[in-house]
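Colleague: My structure is in model-v9.txt, and what it holds is compact mmCIF, C-alpha atoms:
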```txt
# COMPACT_ATOMS: atom_id res chain seq x y z
CA MET A 948 73.74 63.76 -194.84
CA GLN A 949 77.20 65.11 -194.85
CA SER A 950 76.13 68.66 -193.86
CA VAL A 951 74.09 67.48 -190.83
CA ILE A 952 77.06 65.76 -189.31
CA THR A 953 79.13 68.90 -189.67
CA MET A 954 76.54 71.06 -187.83
CA ARG A 955 76.46 68.70 -184.85
CA ASP A 956 80.25 68.93 -184.56
CA ALA A 957 80.16 72.72 -184.64
CA ARG A 958 77.56 73.01 -181.81
CA ALA A 959 79.37 70.82 -179.40
CA PRO A 960 82.06 73.37 -178.34
CA ASP A 961 79.43 76.19 -178.01
CA THR A 962 77.42 74.14 -175.55
CA VAL A 963 80.50 73.57 -173.41
CA LEU A 964 81.34 77.35 -173.23
CA ALA A 965 77.77 78.43 -172.35
CA ALA A 966 77.54 76.17 -169.30
CA PRO A 967 80.87 76.05 -167.40
CA PRO A 968 81.20 73.98 -164.24
CA PRO A 969 79.72 75.66 -161.07
CA LYS A 970 83.07 75.87 -159.29
CA GLU A 971 84.63 77.96 -162.01
CA ALA A 972 81.67 80.35 -162.06
CA THR A 973 82.01 81.05 -158.34
CA THR A 974 85.69 81.81 -158.72
CA ARG A 975 84.97 84.29 -161.49
CA ALA A 976 82.26 86.05 -159.42
CA VAL A 977 84.60 86.46 -156.46
CA ALA A 978 87.28 87.87 -158.72
CA ALA A 979 84.80 90.30 -160.21
CA ASN A 980 83.69 91.49 -156.77
CA ALA A 981 87.27 92.00 -155.67
CA ALA A 982 88.04 94.06 -158.71
CA ARG A 983 84.97 96.33 -158.21
CA PRO A 984 85.92 99.60 -156.41
CA ARG A 985 84.24 100.01 -152.98
CA GLY A 986 83.07 103.44 -151.83
CA ALA A 987 84.23 105.07 -148.58
CA PHE A 988 80.74 106.20 -147.71
CA ALA A 989 79.75 103.36 -145.40
CA PRO A 990 82.83 103.44 -143.14
CA MET A 991 82.89 107.21 -143.05
CA LEU A 992 79.22 107.28 -142.16
CA LEU A 993 79.76 104.82 -139.33
CA CYS A 994 82.74 106.78 -138.03
CA SER A 995 80.86 110.05 -138.18
CA LEU A 996 77.87 108.57 -136.39
CA ALA A 997 80.07 107.08 -133.66
CA VAL A 998 81.95 110.34 -133.06
CA LEU A 999 78.77 112.37 -133.14
CA ALA A 1000 77.01 110.06 -130.69
CA TRP A 1001 79.95 110.14 -128.27
CA LEU A 1002 80.30 113.92 -128.37
CA ALA A 1003 76.56 114.48 -128.07
CA PHE A 1004 76.45 112.18 -125.04
CA GLN A 1005 79.31 114.07 -123.42
CA ALA A 1006 77.66 117.41 -124.12
CA TRP A 1007 74.43 116.12 -122.58
CA GLN A 1008 76.26 114.97 -119.46
CA LEU A 1009 78.10 118.27 -119.14
CA ASP A 1010 74.84 120.17 -119.50
CA ALA A 1011 73.29 118.10 -116.71
CA GLU A 1012 76.35 118.82 -114.56
CA ARG A 1013 76.05 122.53 -115.33
CA GLN A 1014 72.43 122.55 -114.21
CA ALA A 1015 73.35 120.78 -110.96
CA LEU A 1016 76.16 123.25 -110.30
CA GLN A 1017 73.91 126.22 -110.96
CA ALA A 1018 71.29 124.80 -108.60
CA ALA A 1019 73.96 124.35 -105.93
CA ARG A 1020 75.12 127.93 -106.43
CA VAL A 1021 71.57 129.24 -106.08
CA ALA A 1022 71.11 127.15 -102.92
CA LEU A 1023 74.36 128.48 -101.47
CA GLN A 1024 73.54 132.14 -102.14
CA PRO A 1025 71.45 132.79 -98.98
CA THR A 1026 74.19 131.26 -96.83
CA LEU A 1027 76.73 133.47 -98.55
CA ASP A 1028 74.58 136.53 -97.92
CA ASN A 1029 74.25 135.65 -94.23
CA ALA A 1030 77.98 135.08 -93.98
CA ALA A 1031 78.66 138.45 -95.58
CA LYS A 1032 76.26 140.14 -93.15
CA LEU A 1033 77.97 138.44 -90.23
CA ARG A 1034 81.39 139.52 -91.41
CA SER A 1035 80.18 143.04 -91.93
CA SER A 1036 78.74 143.14 -88.40
CA LEU A 1037 81.92 141.69 -86.94
CA ASP A 1038 84.09 144.15 -88.84
CA ALA A 1039 82.01 147.11 -87.76
CA LEU A 1040 81.90 146.00 -84.12
CA ALA A 1041 85.61 145.33 -84.02
CA ALA A 1042 86.40 148.66 -85.67
CA ASP A 1043 84.22 150.57 -83.24
CA THR A 1044 85.76 148.72 -80.31
CA GLN A 1045 89.23 149.54 -81.59
CA ARG A 1046 88.29 153.22 -82.00
CA LEU A 1047 86.87 153.24 -78.51
CA ALA A 1048 90.07 151.72 -77.18
CA ASP A 1049 92.12 154.27 -79.11
CA SER A 1050 90.06 157.05 -77.55
CA GLY A 1051 91.03 155.78 -74.11
CA ASN A 1052 88.18 153.54 -72.97
CA PRO A 1053 89.76 151.04 -70.52
CA ASN A 1054 87.21 148.28 -71.05
CA ALA A 1055 87.58 148.46 -74.81
CA LYS A 1056 91.35 148.37 -74.32
CA VAL A 1057 91.00 145.23 -72.21
CA LEU A 1058 88.99 143.55 -74.95
CA VAL A 1059 91.37 144.61 -77.71
CA GLU A 1060 94.32 143.39 -75.67
CA GLU A 1061 92.64 140.05 -75.01
CA LEU A 1062 91.98 139.66 -78.69
CA ARG A 1063 95.58 140.53 -79.50
CA LYS A 1064 96.78 137.88 -77.04
CA ARG A 1065 94.69 135.35 -78.96
CA GLY A 1066 96.27 136.41 -82.21
CA ILE A 1067 93.41 138.56 -83.45
CA THR A 1068 94.36 142.00 -84.65
CA ILE A 1069 91.86 144.69 -85.55
CA ASN A 1070 92.61 147.14 -88.29
CA ALA A 1071 90.15 149.93 -87.64
CA ALA A 1072 91.56 152.21 -90.34
CA GLY A 1073 91.41 149.63 -93.05
CA GLY A 1074 87.77 148.68 -92.65
CA ALA A 1075 88.09 146.73 -89.41
CA ASN A 1076 89.58 143.41 -90.32
CA ALA A 1077 89.45 140.78 -87.65
CA THR A 1078 91.18 137.56 -88.58
CA PRO A 1079 91.26 134.59 -86.28
CA ALA A 1080 94.73 133.05 -86.08
CA ARG A 1081 94.42 129.27 -86.10
CA MET B 755 81.10 108.66 -153.04
CA ASN B 756 78.33 110.50 -154.82
CA LYS B 757 77.06 113.98 -154.06
CA ILE B 758 74.35 112.91 -151.60
CA GLU B 759 76.71 110.66 -149.64
CA HIS B 760 79.26 113.43 -149.48
CA GLY B 761 76.60 115.79 -148.16
CA ILE B 762 75.48 113.32 -145.49
CA VAL B 763 78.98 112.68 -144.20
CA THR B 764 79.84 116.38 -144.25
CA SER B 765 76.69 117.23 -142.29
CA LEU B 766 77.46 114.59 -139.69
CA ALA B 767 81.02 115.85 -139.37
CA GLY B 768 79.71 119.38 -138.91
CA LEU B 769 77.35 118.22 -136.18
CA ALA B 770 80.20 116.38 -134.48
CA LEU B 771 82.30 119.55 -134.59
CA LEU B 772 79.42 121.50 -133.08
CA ALA B 773 79.00 118.91 -130.32
CA ALA B 774 82.73 119.02 -129.59
CA ALA B 775 82.69 122.82 -129.34
CA THR B 776 79.65 122.67 -127.07
CA GLY B 777 81.37 120.11 -124.87
CA ILE B 778 84.51 122.20 -124.57
CA GLY B 779 82.50 125.29 -123.73
CA LEU B 780 80.42 123.46 -121.14
CA ASN B 781 83.52 121.95 -119.60
CA LEU B 782 85.13 125.37 -119.16
CA HIS B 783 81.90 126.83 -117.79
CA ASN B 784 81.49 123.97 -115.32
CA GLY B 785 85.07 124.41 -114.17
CA ARG B 786 84.39 128.06 -113.40
CA LEU B 787 81.19 127.12 -111.57
CA ARG B 788 83.02 124.47 -109.53
CA ALA B 789 85.73 126.94 -108.55
CA GLU B 790 83.12 129.53 -107.61
CA LEU B 791 81.25 127.01 -105.48
CA GLY B 792 84.47 125.95 -103.77
CA GLN B 793 85.32 129.55 -102.92
CA GLY B 794 81.81 130.12 -101.61
CA GLN B 795 81.98 127.06 -99.39
CA GLN B 796 85.38 128.14 -98.08
CA TYR B 797 83.95 131.59 -97.36
CA VAL B 798 81.07 130.05 -95.42
CA GLN B 799 83.44 127.78 -93.46
CA GLN B 800 85.57 130.76 -92.44
CA SER B 801 82.46 132.72 -91.54
CA VAL B 802 81.33 129.94 -89.20
CA GLN B 803 84.62 130.37 -87.31
CA LEU B 804 84.14 134.13 -87.27
CA GLU B 805 80.61 133.76 -85.93
CA GLY B 806 82.05 132.23 -82.77
CA LEU B 807 84.45 135.14 -82.47
CA TYR B 808 81.60 137.61 -82.99
CA ARG B 809 79.51 136.01 -80.24
CA GLU B 810 82.47 135.99 -77.87
CA MET B 811 83.15 139.66 -78.59
CA VAL B 812 79.54 140.63 -78.02
CA ARG B 813 79.43 138.63 -74.80
CA ALA B 814 82.68 140.16 -73.53
CA LEU B 815 81.60 143.69 -74.42
CA ALA B 816 78.24 143.19 -72.71
CA GLU B 817 79.90 141.75 -69.61
CA LEU B 818 82.44 144.57 -69.42
CA SER B 819 79.78 147.17 -70.00
CA ALA B 820 77.48 145.73 -67.35
CA ARG B 821 80.22 145.09 -64.80
CA HIS B 822 81.75 148.57 -65.04
CA SER B 823 78.59 150.45 -66.03
CA ASP B 824 80.36 151.61 -69.14
CA GLU B 825 77.93 153.74 -71.09
CA ALA B 826 80.28 154.09 -74.03
CA LEU B 827 80.36 150.34 -74.52
CA ARG B 828 76.62 150.11 -73.97
CA SER B 829 75.94 152.71 -76.63
CA LEU B 830 78.41 150.98 -78.94
CA LEU B 831 76.48 147.76 -78.57
CA GLN B 832 73.20 149.57 -79.07
CA ARG B 833 74.49 151.11 -82.28
CA HIS B 834 75.02 147.57 -83.53
CA GLY B 835 71.54 146.47 -82.49
CA ILE B 836 72.69 144.58 -79.39
CA THR B 837 70.93 145.12 -76.10
CA TYR B 838 71.27 143.44 -72.74
CA ASN B 839 69.36 143.47 -69.48
CA LEU B 840 71.13 145.27 -66.63
CA SER B 841 68.95 143.67 -63.98
CA ALA B 842 70.31 140.22 -64.77
CA ALA B 843 73.01 138.68 -62.61
CA PRO B 844 76.59 139.02 -63.89
CA ALA B 845 76.76 135.33 -64.72
CA ALA B 846 73.60 135.64 -66.73
CA ASN B 847 75.09 138.45 -68.76
CA ALA B 848 76.83 135.76 -70.71
CA ALA B 849 73.49 135.16 -72.32
CA ALA B 850 73.54 138.49 -74.05
CA VAL B 851 72.32 137.70 -77.50
CA PRO B 852 73.08 139.98 -80.39
CA ALA B 853 69.96 141.23 -82.06
CA ARG B 854 70.66 141.17 -85.76
CA LYS B 855 69.75 144.22 -87.72
CA PRO B 856 67.17 143.48 -90.40
```
Spit out the file's structure as structure tokens when you get a sec.
Modeller:
Amino acid sequence: MQSVITMRDARAPDTVLAAPPPKEATTRAVAANAARPRGAFAPMLLCSLAVLAWLAFQAWQLDAERQALQAARVALQPTLDNAAKLRSSLDALAADTQRLADSGNPNAKVLVEELRKRGITINAAGGANATPAR
Amino acid sequence: MNKIEHGIVTSLAGLALLAAATGIGLNLHNGRLRAELGQGQQYVQQSVQLEGLYREMVRALAELSARHSDEALRSLLQRHGITYNLSAAPAANAAAVPARKP
């Protein structure tokens, strides 16, 4: 009988340690989580994805802008060609008129003089450059 | 960070660097294209002004040539592909239209 009583007394403290109150267990779990080292992978992954998405979007926009600019340049090319032809014709006509005036043609002289009065000079030697003065 | 995670993040950073380089290159290229377009439009604008001058010159040369029967001026205009009708009245000579060379 004596030994049975002793065993009951020895078990009592063990039972108390194995099942602590719920509040204390939560506190220990939080402390354990705080002490565990956290990896930098997740934040770095998010940062990398954000930067990559932003830069890719910008590159896509710039590529669309480049295509629009190239289309505008192609559309402008015929107008540029016509303008160059017109300038070439004007230069040639003005140069010939100037040469004719230099050779003594009175009508060509009249025209060259009228142009000079309006601020337009013809450079026949230098490829006939007629520039309107505005 | 283990080896796989390190590889993932490094790959993403490499892609971001590539996208940044592409963006910078495209930005520079677009700037050049914009400047080129601006110059072209300015050239066309100036040419529109010069077209008026060209027409006035042709008209004046044709009028002078017709009024004074100046063969030198007539041949000059013909060399540039411009012809006019001598039978027309002097006022109608203003309608001398330059025939563009093909």
Colleague: Kindly provide, as a PyMOL selection string, the polymer residues lying within 10 Å of (77.7, 123.0, -119.9), counting only C-alpha atoms and using the coordinates exactly as they appear in the file.
Modeller: (chain A and resi 1005-1014+1016) or (chain B and resi 776-785+787)
Colleague: Got a sec: who's within 10 Å of Leu1023 (chain A), counting only C-alpha atoms, leaving out chain neighbours fewer than 5 positions off, as a ChimeraX atom specification?
Modeller: /A:1017-1018,1028 /B:791,794-795,798
Colleague: Enumerate, in order of chain and increasing residue number, the residues of chain A with an atom no farther than 7 Å from chain B, each with its shortest atom pair and distance in Å to one decimal, counting only C-alpha atoms, as a Markdown table.
Modeller:
```
| residue | atom | partner | partner_atom | distance |
| --- | --- | --- | --- | --- |
| A:Gly986 | CA | B:Met755 | CA | 5.7 |
| A:Ala987 | CA | B:Met755 | CA | 6.5 |
| A:Phe988 | CA | B:Met755 | CA | 5.9 |
| A:Met991 | CA | B:Val763 | CA | 6.8 |
| A:Leu992 | CA | B:Val763 | CA | 5.8 |
| A:Ser995 | CA | B:Leu766 | CA | 5.9 |
| A:Leu996 | CA | B:Leu766 | CA | 6.9 |
| A:Val998 | CA | B:Ala770 | CA | 6.4 |
| A:Leu999 | CA | B:Ala770 | CA | 4.5 |
| A:Leu1002 | CA | B:Ala773 | CA | 5.5 |
| A:Ala1003 | CA | B:Ala773 | CA | 5.5 |
| A:Gln1005 | CA | B:Gly777 | CA | 6.5 |
| A:Ala1006 | CA | B:Gly777 | CA | 4.6 |
| A:Leu1009 | CA | B:Leu780 | CA | 6.0 |
| A:Asp1010 | CA | B:Leu780 | CA | 6.7 |
| A:Arg1013 | CA | B:Asn784 | CA | 5.6 |
| A:Leu1016 | CA | B:Leu787 | CA | 6.5 |
| A:Arg1020 | CA | B:Leu791 | CA | 6.3 |
| A:Leu1027 | CA | B:Val798 | CA | 6.4 |
| A:Ala1030 | CA | B:Ser801 | CA | 5.6 |
| A:Leu1033 | CA | B:Glu805 | CA | 6.9 |
| A:Arg1034 | CA | B:Ser801 | CA | 6.9 |
| A:Leu1037 | CA | B:Tyr808 | CA | 5.7 |
| A:Asn1054 | CA | B:Leu818 | CA | 6.3 |
```
Colleague: In Å, how far is it from CA of Gly806 (chain B) to CA of Val1059 (chain A)?
Modeller: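 About the pair CA of Gly806 (chain B) and CA of Val1059 (chain A): they are 16.3 Å apart.
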Colleague: Of the candidates B:Ala789, B:Arg828, B:Gln796, B:Ile758, which shows the shortest atom-to-atom distance to Asp1043 (chain A), using only C-alpha atoms?
Modeller: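 That would be B:Arg828, the residue with the smallest distance to Asp1043 (chain A).
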Colleague: Please indicate the distance in Å from CA of Ala976 (chain A) to CA of Leu993 (chain A), rounded to one decimal place.
Modeller: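 So the two atoms, CA of Ala976 (chain A) and CA of Leu993 (chain A), lie 27.6 Å apart.
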Colleague: Between CA of Ala1071 (chain A) and CA of Arg1046 (chain A), what is the distance, to one decimal in Å?
Modeller: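 Separation between CA of Ala1071 (chain A) and CA of Arg1046 (chain A): 6.8 Å.
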